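**Student:** Okay, so here is final.txt, and as you'll see once you scroll down, it has compact mmCIF, N, CA and C atoms.
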# COMPACT_ATOMS: atom_id res chain seq x y z
N MET J 1 113.18 56.43 173.59
CA MET J 1 111.81 56.80 173.90
C MET J 1 111.79 57.67 175.15
N LYS J 2 110.98 58.68 175.15
CA LYS J 2 110.86 59.56 176.31
C LYS J 2 109.95 58.93 177.34
N ILE J 3 110.13 59.31 178.59
CA ILE J 3 109.34 58.74 179.69
C ILE J 3 107.85 59.02 179.49
N GLU J 4 107.50 60.19 178.98
CA GLU J 4 106.10 60.53 178.76
C GLU J 4 105.46 59.60 177.74
N GLU J 5 106.21 59.25 176.69
CA GLU J 5 105.71 58.34 175.66
C GLU J 5 105.51 56.93 176.23
N ILE J 6 106.44 56.49 177.04
CA ILE J 6 106.34 55.17 177.66
C ILE J 6 105.12 55.11 178.57
N LEU J 7 104.95 56.16 179.40
CA LEU J 7 103.80 56.22 180.31
C LEU J 7 102.49 56.21 179.53
N ASP J 8 102.40 57.03 178.49
CA ASP J 8 101.17 57.08 177.68
C ASP J 8 100.87 55.72 177.05
N TYR J 9 101.88 55.08 176.50
CA TYR J 9 101.69 53.78 175.85
C TYR J 9 101.16 52.75 176.84
N LYS J 10 101.80 52.68 178.01
CA LYS J 10 101.39 51.70 179.03
C LYS J 10 99.98 51.99 179.54
N LEU J 11 99.67 53.26 179.76
CA LEU J 11 98.33 53.61 180.24
C LEU J 11 97.25 53.27 179.21
N LYS J 12 97.52 53.54 177.94
CA LYS J 12 96.55 53.21 176.88
C LYS J 12 96.29 51.72 176.84
N LYS J 13 97.35 50.93 176.96
CA LYS J 13 97.20 49.47 176.93
C LYS J 13 96.47 48.95 178.17
N LEU J 14 96.78 49.50 179.32
CA LEU J 14 96.15 49.06 180.57
C LEU J 14 94.67 49.43 180.63
N LEU J 15 94.38 50.67 180.32
CA LEU J 15 93.01 51.17 180.47
C LEU J 15 92.10 50.70 179.33
N GLY J 16 92.65 50.61 178.13
CA GLY J 16 91.86 50.14 177.01
C GLY J 16 90.79 51.09 176.53
N ASP J 17 90.32 51.93 177.38
CA ASP J 17 89.23 52.87 177.07
C ASP J 17 89.84 54.25 176.83
N GLU J 18 89.64 54.78 175.63
CA GLU J 18 90.20 56.08 175.27
C GLU J 18 89.68 57.20 176.17
N ASP J 19 88.41 57.11 176.58
CA ASP J 19 87.84 58.14 177.46
C ASP J 19 88.52 58.15 178.82
N LYS J 20 88.81 56.95 179.35
CA LYS J 20 89.51 56.87 180.63
C LYS J 20 90.91 57.47 180.50
N PHE J 21 91.59 57.13 179.40
CA PHE J 21 92.94 57.66 179.18
C PHE J 21 92.92 59.18 179.09
N LYS J 22 91.94 59.72 178.36
CA LYS J 22 91.85 61.17 178.20
C LYS J 22 91.46 61.88 179.50
N SER J 23 90.89 61.14 180.45
CA SER J 23 90.50 61.76 181.72
C SER J 23 91.71 62.05 182.62
N ILE J 24 92.85 61.50 182.29
CA ILE J 24 94.08 61.77 183.05
C ILE J 24 94.65 63.08 182.52
N THR J 25 94.70 64.07 183.37
CA THR J 25 95.18 65.39 182.94
C THR J 25 96.70 65.40 182.79
N PRO J 26 97.22 66.31 181.97
CA PRO J 26 98.68 66.45 181.87
C PRO J 26 99.32 66.76 183.23
N ASP J 27 98.60 67.51 184.07
CA ASP J 27 99.12 67.80 185.41
C ASP J 27 99.24 66.54 186.26
N ASP J 28 98.25 65.63 186.13
CA ASP J 28 98.33 64.35 186.85
C ASP J 28 99.56 63.56 186.41
N LYS J 29 99.79 63.51 185.10
CA LYS J 29 100.94 62.79 184.57
C LYS J 29 102.25 63.41 185.05
N LYS J 30 102.32 64.74 184.97
CA LYS J 30 103.53 65.44 185.44
C LYS J 30 103.78 65.16 186.91
N PHE J 31 102.72 65.20 187.70
CA PHE J 31 102.84 64.99 189.13
C PHE J 31 103.36 63.61 189.45
N ILE J 32 102.73 62.57 188.86
CA ILE J 32 103.16 61.20 189.21
C ILE J 32 104.55 60.90 188.68
N LEU J 33 104.91 61.44 187.52
CA LEU J 33 106.27 61.23 187.01
C LEU J 33 107.31 61.91 187.89
N ALA J 34 107.01 63.14 188.33
CA ALA J 34 107.93 63.85 189.22
C ALA J 34 108.04 63.16 190.58
N GLN J 35 106.91 62.70 191.09
CA GLN J 35 106.92 62.02 192.38
C GLN J 35 107.70 60.71 192.30
N ALA J 36 107.44 59.94 191.25
CA ALA J 36 108.16 58.67 191.08
C ALA J 36 109.65 58.92 190.88
N LYS J 37 110.00 59.96 190.12
CA LYS J 37 111.40 60.29 189.88
C LYS J 37 112.12 60.62 191.18
N THR J 38 111.49 61.42 192.00
CA THR J 38 112.08 61.80 193.28
C THR J 38 112.30 60.58 194.16
N LYS J 39 111.32 59.69 194.21
CA LYS J 39 111.43 58.48 195.03
C LYS J 39 112.52 57.55 194.51
N ILE J 40 112.60 57.39 193.18
CA ILE J 40 113.64 56.54 192.59
C ILE J 40 115.02 57.11 192.86
N MET J 41 115.18 58.42 192.65
CA MET J 41 116.49 59.05 192.87
C MET J 41 116.93 58.93 194.32
N ALA J 42 115.99 59.08 195.26
CA ALA J 42 116.33 58.94 196.67
C ALA J 42 116.70 57.50 197.00
N TYR J 43 115.94 56.55 196.49
CA TYR J 43 116.19 55.14 196.78
C TYR J 43 117.51 54.68 196.16
N CYS J 44 117.79 55.15 194.96
CA CYS J 44 118.99 54.70 194.24
C CYS J 44 120.21 55.57 194.50
N HIS J 45 120.07 56.62 195.30
CA HIS J 45 121.18 57.54 195.61
C HIS J 45 121.74 58.15 194.33
N ARG J 46 120.86 58.65 193.48
CA ARG J 46 121.27 59.19 192.18
C ARG J 46 120.79 60.62 192.02
N LYS J 47 121.46 61.33 191.10
CA LYS J 47 121.02 62.67 190.70
C LYS J 47 120.36 62.64 189.33
N ASP J 48 120.28 61.45 188.74
CA ASP J 48 119.67 61.28 187.42
C ASP J 48 118.93 59.95 187.40
N ILE J 49 118.20 59.72 186.32
CA ILE J 49 117.59 58.40 186.11
C ILE J 49 118.09 57.93 184.75
N PRO J 50 118.82 56.82 184.73
CA PRO J 50 119.33 56.32 183.45
C PRO J 50 118.18 55.86 182.54
N GLU J 51 118.42 55.92 181.23
CA GLU J 51 117.39 55.58 180.27
C GLU J 51 116.88 54.14 180.44
N GLY J 52 117.73 53.24 180.89
CA GLY J 52 117.33 51.86 181.11
C GLY J 52 116.31 51.69 182.22
N CYS J 53 116.18 52.68 183.04
CA CYS J 53 115.25 52.65 184.17
C CYS J 53 113.89 53.27 183.83
N PHE J 54 113.74 53.81 182.63
CA PHE J 54 112.51 54.52 182.26
C PHE J 54 111.27 53.63 182.35
N TYR J 55 111.39 52.36 181.96
CA TYR J 55 110.21 51.48 181.99
C TYR J 55 109.79 51.18 183.43
N ILE J 56 110.75 51.05 184.31
CA ILE J 56 110.46 50.86 185.74
C ILE J 56 109.84 52.14 186.29
N TRP J 57 110.38 53.27 185.89
CA TRP J 57 109.87 54.58 186.30
C TRP J 57 108.40 54.71 185.90
N ALA J 58 108.06 54.32 184.68
CA ALA J 58 106.67 54.39 184.22
C ALA J 58 105.78 53.45 185.04
N ASP J 59 106.26 52.25 185.34
CA ASP J 59 105.48 51.31 186.15
C ASP J 59 105.23 51.87 187.55
N ILE J 60 106.24 52.47 188.14
CA ILE J 60 106.08 53.06 189.47
C ILE J 60 105.09 54.22 189.42
N ALA J 61 105.18 55.03 188.38
CA ALA J 61 104.26 56.16 188.23
C ALA J 61 102.81 55.67 188.09
N ILE J 62 102.61 54.57 187.37
CA ILE J 62 101.26 54.01 187.22
C ILE J 62 100.73 53.52 188.55
N GLU J 63 101.59 52.87 189.34
CA GLU J 63 101.16 52.41 190.67
C GLU J 63 100.81 53.60 191.56
N MET J 64 101.55 54.70 191.44
CA MET J 64 101.22 55.91 192.21
C MET J 64 99.92 56.53 191.71
N LEU J 65 99.67 56.44 190.40
CA LEU J 65 98.43 56.94 189.85
C LEU J 65 97.24 56.14 190.37
N LYS J 66 97.44 54.85 190.61
CA LYS J 66 96.37 54.02 191.19
C LYS J 66 95.97 54.54 192.57
N ASN J 67 96.93 55.08 193.32
CA ASN J 67 96.61 55.67 194.61
C ASN J 67 95.98 57.06 194.46
N LEU J 68 96.39 57.78 193.43
CA LEU J 68 95.90 59.14 193.22
C LEU J 68 94.46 59.14 192.67
N ILE J 69 94.19 58.25 191.70
CA ILE J 69 92.86 58.16 191.08
C ILE J 69 92.45 56.68 191.03
N PRO J 70 92.02 56.10 192.15
CA PRO J 70 91.73 54.67 192.18
C PRO J 70 90.58 54.24 191.26
N THR J 71 89.61 55.10 191.04
CA THR J 71 88.47 54.72 190.20
C THR J 71 88.86 54.54 188.73
N LEU J 72 89.97 55.11 188.34
CA LEU J 72 90.44 55.00 186.96
C LEU J 72 90.77 53.55 186.59
N PHE J 73 91.18 52.77 187.56
CA PHE J 73 91.62 51.40 187.31
C PHE J 73 90.55 50.38 187.72
N GLN J 74 89.31 50.81 187.75
CA GLN J 74 88.22 49.88 188.05
C GLN J 74 87.37 49.69 186.82
N THR J 75 86.91 48.47 186.63
CA THR J 75 86.05 48.15 185.50
C THR J 75 84.62 47.96 186.00
N GLU J 76 83.69 47.97 185.08
CA GLU J 76 82.29 47.74 185.42
C GLU J 76 82.09 46.26 185.76
N ILE J 77 81.28 46.00 186.78
CA ILE J 77 80.91 44.63 187.13
C ILE J 77 79.57 44.34 186.49
N ASP J 78 79.52 43.29 185.68
CA ASP J 78 78.25 42.95 185.04
C ASP J 78 77.59 41.77 185.75
N GLU J 79 76.40 41.44 185.31
CA GLU J 79 75.61 40.37 185.95
C GLU J 79 76.31 39.02 185.88
N ASP J 80 77.04 38.75 184.81
CA ASP J 80 77.74 37.48 184.68
C ASP J 80 78.82 37.33 185.75
N ASP J 81 79.52 38.44 186.05
CA ASP J 81 80.54 38.39 187.10
C ASP J 81 79.93 38.07 188.45
N ILE J 82 78.80 38.72 188.75
CA ILE J 82 78.13 38.49 190.03
C ILE J 82 77.56 37.08 190.09
N ALA J 83 76.96 36.64 188.99
CA ALA J 83 76.38 35.29 188.95
C ALA J 83 77.46 34.23 189.12
N GLY J 84 78.65 34.47 188.59
CA GLY J 84 79.75 33.53 188.73
C GLY J 84 80.28 33.44 190.15
N ALA J 85 80.07 34.48 190.93
CA ALA J 85 80.55 34.49 192.31
C ALA J 85 79.57 33.85 193.28
N VAL J 86 78.31 33.68 192.88
CA VAL J 86 77.30 33.09 193.76
C VAL J 86 77.49 31.57 193.78
N THR J 87 77.66 31.00 194.99
CA THR J 87 77.85 29.55 195.10
C THR J 87 76.61 28.83 195.58
N SER J 88 75.75 29.52 196.32
CA SER J 88 74.50 28.88 196.74
C SER J 88 73.43 29.93 196.98
N VAL J 89 72.19 29.51 196.73
CA VAL J 89 71.03 30.37 196.95
C VAL J 89 69.99 29.54 197.69
N LYS J 90 69.43 30.08 198.76
CA LYS J 90 68.39 29.40 199.53
C LYS J 90 67.13 30.25 199.46
N ALA J 91 66.02 29.66 199.11
CA ALA J 91 64.79 30.42 198.93
C ALA J 91 64.12 30.81 200.25
N GLY J 92 64.01 29.87 201.19
CA GLY J 92 63.38 30.17 202.48
C GLY J 92 64.28 31.06 203.32
N ASP J 93 63.82 32.18 203.71
CA ASP J 93 64.57 33.20 204.45
C ASP J 93 65.71 33.82 203.63
N THR J 94 65.73 33.61 202.35
CA THR J 94 66.62 34.23 201.38
C THR J 94 68.09 34.28 201.83
N THR J 95 68.84 33.27 201.53
CA THR J 95 70.28 33.21 201.82
C THR J 95 71.04 33.12 200.50
N ILE J 96 71.95 34.00 200.26
CA ILE J 96 72.82 33.97 199.08
C ILE J 96 74.25 33.91 199.59
N THR J 97 75.03 32.95 199.10
CA THR J 97 76.42 32.80 199.51
C THR J 97 77.32 33.07 198.31
N LEU J 98 78.27 33.95 198.52
CA LEU J 98 79.23 34.27 197.47
C LEU J 98 80.49 33.44 197.70
N GLY J 99 80.98 32.81 196.63
CA GLY J 99 82.18 31.97 196.73
C GLY J 99 83.45 32.79 196.76
N GLY J 100 83.47 33.87 196.10
CA GLY J 100 84.67 34.71 196.05
C GLY J 100 84.28 36.14 195.75
N MET J 101 85.17 37.02 196.09
CA MET J 101 84.92 38.44 195.82
C MET J 101 85.02 38.70 194.32
N VAL J 102 84.18 39.56 193.84
CA VAL J 102 84.24 39.97 192.46
C VAL J 102 85.23 41.12 192.40
N ASP J 103 86.33 40.91 191.66
CA ASP J 103 87.38 41.92 191.57
C ASP J 103 87.18 42.74 190.31
N ASN J 104 87.01 44.03 190.49
CA ASN J 104 86.80 44.89 189.32
C ASN J 104 87.98 45.82 189.08
N ASP J 105 89.14 45.51 189.65
CA ASP J 105 90.33 46.33 189.43
C ASP J 105 91.09 45.83 188.22
N ILE J 106 91.63 46.76 187.44
CA ILE J 106 92.47 46.40 186.30
C ILE J 106 93.79 45.90 186.84
N ASP J 107 94.23 44.76 186.37
CA ASP J 107 95.47 44.16 186.83
C ASP J 107 96.66 44.82 186.14
N THR J 108 97.48 45.54 186.91
CA THR J 108 98.66 46.18 186.35
C THR J 108 99.89 45.29 186.48
N GLY J 109 99.72 44.15 187.11
CA GLY J 109 100.84 43.24 187.28
C GLY J 109 101.56 43.41 188.60
N TYR J 110 101.16 44.39 189.38
CA TYR J 110 101.79 44.66 190.66
C TYR J 110 100.73 44.72 191.74
N LYS J 111 101.12 44.35 192.94
CA LYS J 111 100.22 44.39 194.09
C LYS J 111 99.93 45.84 194.45
N SER J 112 98.68 46.12 194.76
CA SER J 112 98.33 47.48 195.19
C SER J 112 98.98 47.78 196.53
N ASN J 113 99.48 48.98 196.66
CA ASN J 113 100.17 49.38 197.88
C ASN J 113 99.48 50.58 198.50
N ALA J 114 99.63 50.67 199.81
CA ALA J 114 98.96 51.73 200.54
C ALA J 114 99.64 53.09 200.36
N ASP J 115 100.95 53.11 200.29
CA ASP J 115 101.64 54.39 200.18
C ASP J 115 102.81 54.30 199.21
N ASP J 116 103.38 55.45 198.91
CA ASP J 116 104.44 55.54 197.90
C ASP J 116 105.71 54.81 198.32
N ASP J 117 106.04 54.82 199.59
CA ASP J 117 107.23 54.11 200.05
C ASP J 117 107.08 52.60 199.86
N ALA J 118 105.89 52.09 200.10
CA ALA J 118 105.64 50.66 199.87
C ALA J 118 105.75 50.33 198.38
N ILE J 119 105.35 51.26 197.53
CA ILE J 119 105.48 51.04 196.09
C ILE J 119 106.95 50.93 195.72
N ILE J 120 107.76 51.86 196.18
CA ILE J 120 109.20 51.82 195.89
C ILE J 120 109.82 50.53 196.41
N ASN J 121 109.43 50.12 197.61
CA ASN J 121 109.97 48.89 198.17
C ASN J 121 109.57 47.67 197.35
N SER J 122 108.39 47.70 196.75
CA SER J 122 107.97 46.56 195.93
C SER J 122 108.75 46.50 194.61
N PHE J 123 109.40 47.57 194.22
CA PHE J 123 110.23 47.61 193.02
C PHE J 123 111.73 47.51 193.35
N ALA J 124 112.06 47.20 194.60
CA ALA J 124 113.45 47.21 195.05
C ALA J 124 114.35 46.31 194.21
N LYS J 125 113.90 45.11 193.90
CA LYS J 125 114.74 44.19 193.13
C LYS J 125 115.04 44.73 191.74
N GLN J 126 114.06 45.38 191.12
CA GLN J 126 114.27 45.94 189.79
C GLN J 126 115.18 47.16 189.82
N LEU J 127 115.13 47.91 190.92
CA LEU J 127 115.93 49.13 191.03
C LEU J 127 117.37 48.86 191.46
N GLN J 128 117.66 47.66 191.93
CA GLN J 128 119.02 47.34 192.42
C GLN J 128 120.09 47.61 191.36
N ALA J 129 119.79 47.32 190.11
CA ALA J 129 120.78 47.51 189.04
C ALA J 129 121.17 48.98 188.85
N PHE J 130 120.33 49.90 189.30
CA PHE J 130 120.56 51.32 189.10
C PHE J 130 121.01 52.03 190.39
N ARG J 131 121.14 51.27 191.45
CA ARG J 131 121.44 51.86 192.76
C ARG J 131 122.94 52.13 192.91
N LYS J 132 123.25 53.27 193.49
CA LYS J 132 124.63 53.62 193.83
C LYS J 132 124.78 53.53 195.33
N LEU J 133 125.98 53.38 195.78
CA LEU J 133 126.23 53.32 197.22
C LEU J 133 126.38 54.73 197.77
N PRO J 134 125.71 55.03 198.88
CA PRO J 134 125.90 56.36 199.48
C PRO J 134 127.28 56.41 200.13
N CYS J 135 127.90 57.57 200.09
CA CYS J 135 129.22 57.70 200.72
C CYS J 135 129.17 58.78 201.78
N GLY J 136 130.18 58.82 202.57
CA GLY J 136 130.23 59.76 203.68
C GLY J 136 130.87 61.07 203.34
N CYS J 137 130.87 61.47 202.07
CA CYS J 137 131.55 62.70 201.68
C CYS J 137 130.68 63.95 201.88
N GLY J 138 129.47 63.74 202.35
CA GLY J 138 128.64 64.91 202.67
C GLY J 138 127.48 65.13 201.73
N ASP J 139 127.61 64.76 200.45
CA ASP J 139 126.49 64.99 199.55
C ASP J 139 125.61 63.76 199.38
N GLY J 140 126.08 62.60 199.84
CA GLY J 140 125.26 61.40 199.80
C GLY J 140 125.21 60.70 198.47
N PHE J 141 125.99 61.16 197.48
CA PHE J 141 126.00 60.52 196.16
C PHE J 141 127.40 60.09 195.79
N CYS J 142 127.54 58.98 195.13
CA CYS J 142 128.85 58.50 194.67
C CYS J 142 128.87 58.39 193.16
N GLY J 143 130.04 58.38 192.62
CA GLY J 143 130.20 58.14 191.21
C GLY J 143 129.93 59.34 190.32
N ASP J 144 129.86 60.52 190.88
CA ASP J 144 129.58 61.69 190.06
C ASP J 144 130.87 62.32 189.58
What does the file become when written as structure tokens?
**Tutor:**
Amino acid sequence: MKIEEILDYKLKKLLGDEDKFKSITPDDKKFILAQAKTKIMAYCHRKDIPEGCFYIWADIAIEMLKNLIPTLFQTEIDEDDIAGAVTSVKAGDTTITLGGMVDNDIDTGYKSNADDDAIINSFAKQLQAFRKLPCGCGDGFCGD
């Protein structure tokens, strides 16, 4: 499977809404895939990305897309969600207490990160299998 196919499949499943999926431009996809590829290659000391790493690459690209277009991963909050968060209501002087925040973000399975380096670090354990050791031969890559 190609990385573009994996990314499209995961995005369709996550977003669920065809209109949201279609709002992601091919340039956005190219950008996040290239950015994620560069970060993975730098972290793993590689000049390539093995096929076994493609699913991790797609996950990292999706997390980067969350930073690029955050509204894409938000759902509508309806009255039931708000009503479920209200724990008490006082009529005199109108006091409403919310028990918990209403979360309208689509859960991608990963913690939201502030920047791309934090995203790569959150995938460190998964990327370990693909990491090469840097050597002192001048080019920074081993095993080529």
**Student:** For Lys2 (chain J), please output as a list in words all residues within 10 Å (counting only C-alpha atoms; exclusion window: fewer than 2 positions along the same chain).
**Tutor:**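 In the requested form, the answer reads Glu4, Glu5, Ile6, Leu7, Glu51, Phe54 and Tyr55 of chain J.
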**Student:** Find the residue from J:Leu14, J:Ile40, J:Leu133, J:Ile69 that sits nearest to Ile56 (chain J); use only C-alpha atoms when measuring.
**Tutor:** J:Ile40
**Student:** At what distance in Å, to one decimal, does atom N of Lys29 (chain J) lie from CA of Gln74 (chain J)?
**Tutor:**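 Value for the CA of Gln74 (chain J)-atom N of Lys29 (chain J) distance: 18.1 Å.
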**Student:** So, with only N, CA and C atoms as the atoms that count, which of J:Cys44, J:Ile24, J:Leu15, J:Leu68 lies closest to Arg131 (chain J)?
**Tutor:**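 With only N, CA and C atoms as the atom set, the closest residue is J:Cys44.
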**Student:** What does the structure give for the distance between atom N of Lys37 (chain J) and CA of Trp57 (chain J), in Å to one decimal?
**Tutor:** 6.6 Å
**Student:** Closest to Gln128 (chain J) among J:Ala61, J:Asp27, J:Phe21, J:Cys53, using only C-alpha atoms?
**Tutor:**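 Once distances to Gln128 (chain J) are computed over only C-alpha atoms, the minimum belongs to J:Cys53.
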**Student:** Nearest residue to Ala124 (chain J) out of J:Asn67, J:Lys39, J:Asp8, J:Gly52, using only C-alpha atoms?
**Tutor:**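 Distance minimum relative to Ala124 (chain J) lands on J:Lys39.
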**Student:** Quick one: distance from CA of Glu63 (chain J) to CA of Lys47 (chain J) in Å, one decimal?
**Tutor:** 22.4 Å
**Student:** Given the choices J:Lys22, J:Asp17, J:Asp115, J:Ala36, which gets closest to Asp59 (chain J) if the distance is worked out from only C-alpha atoms?
**Tutor:** J:Ala36
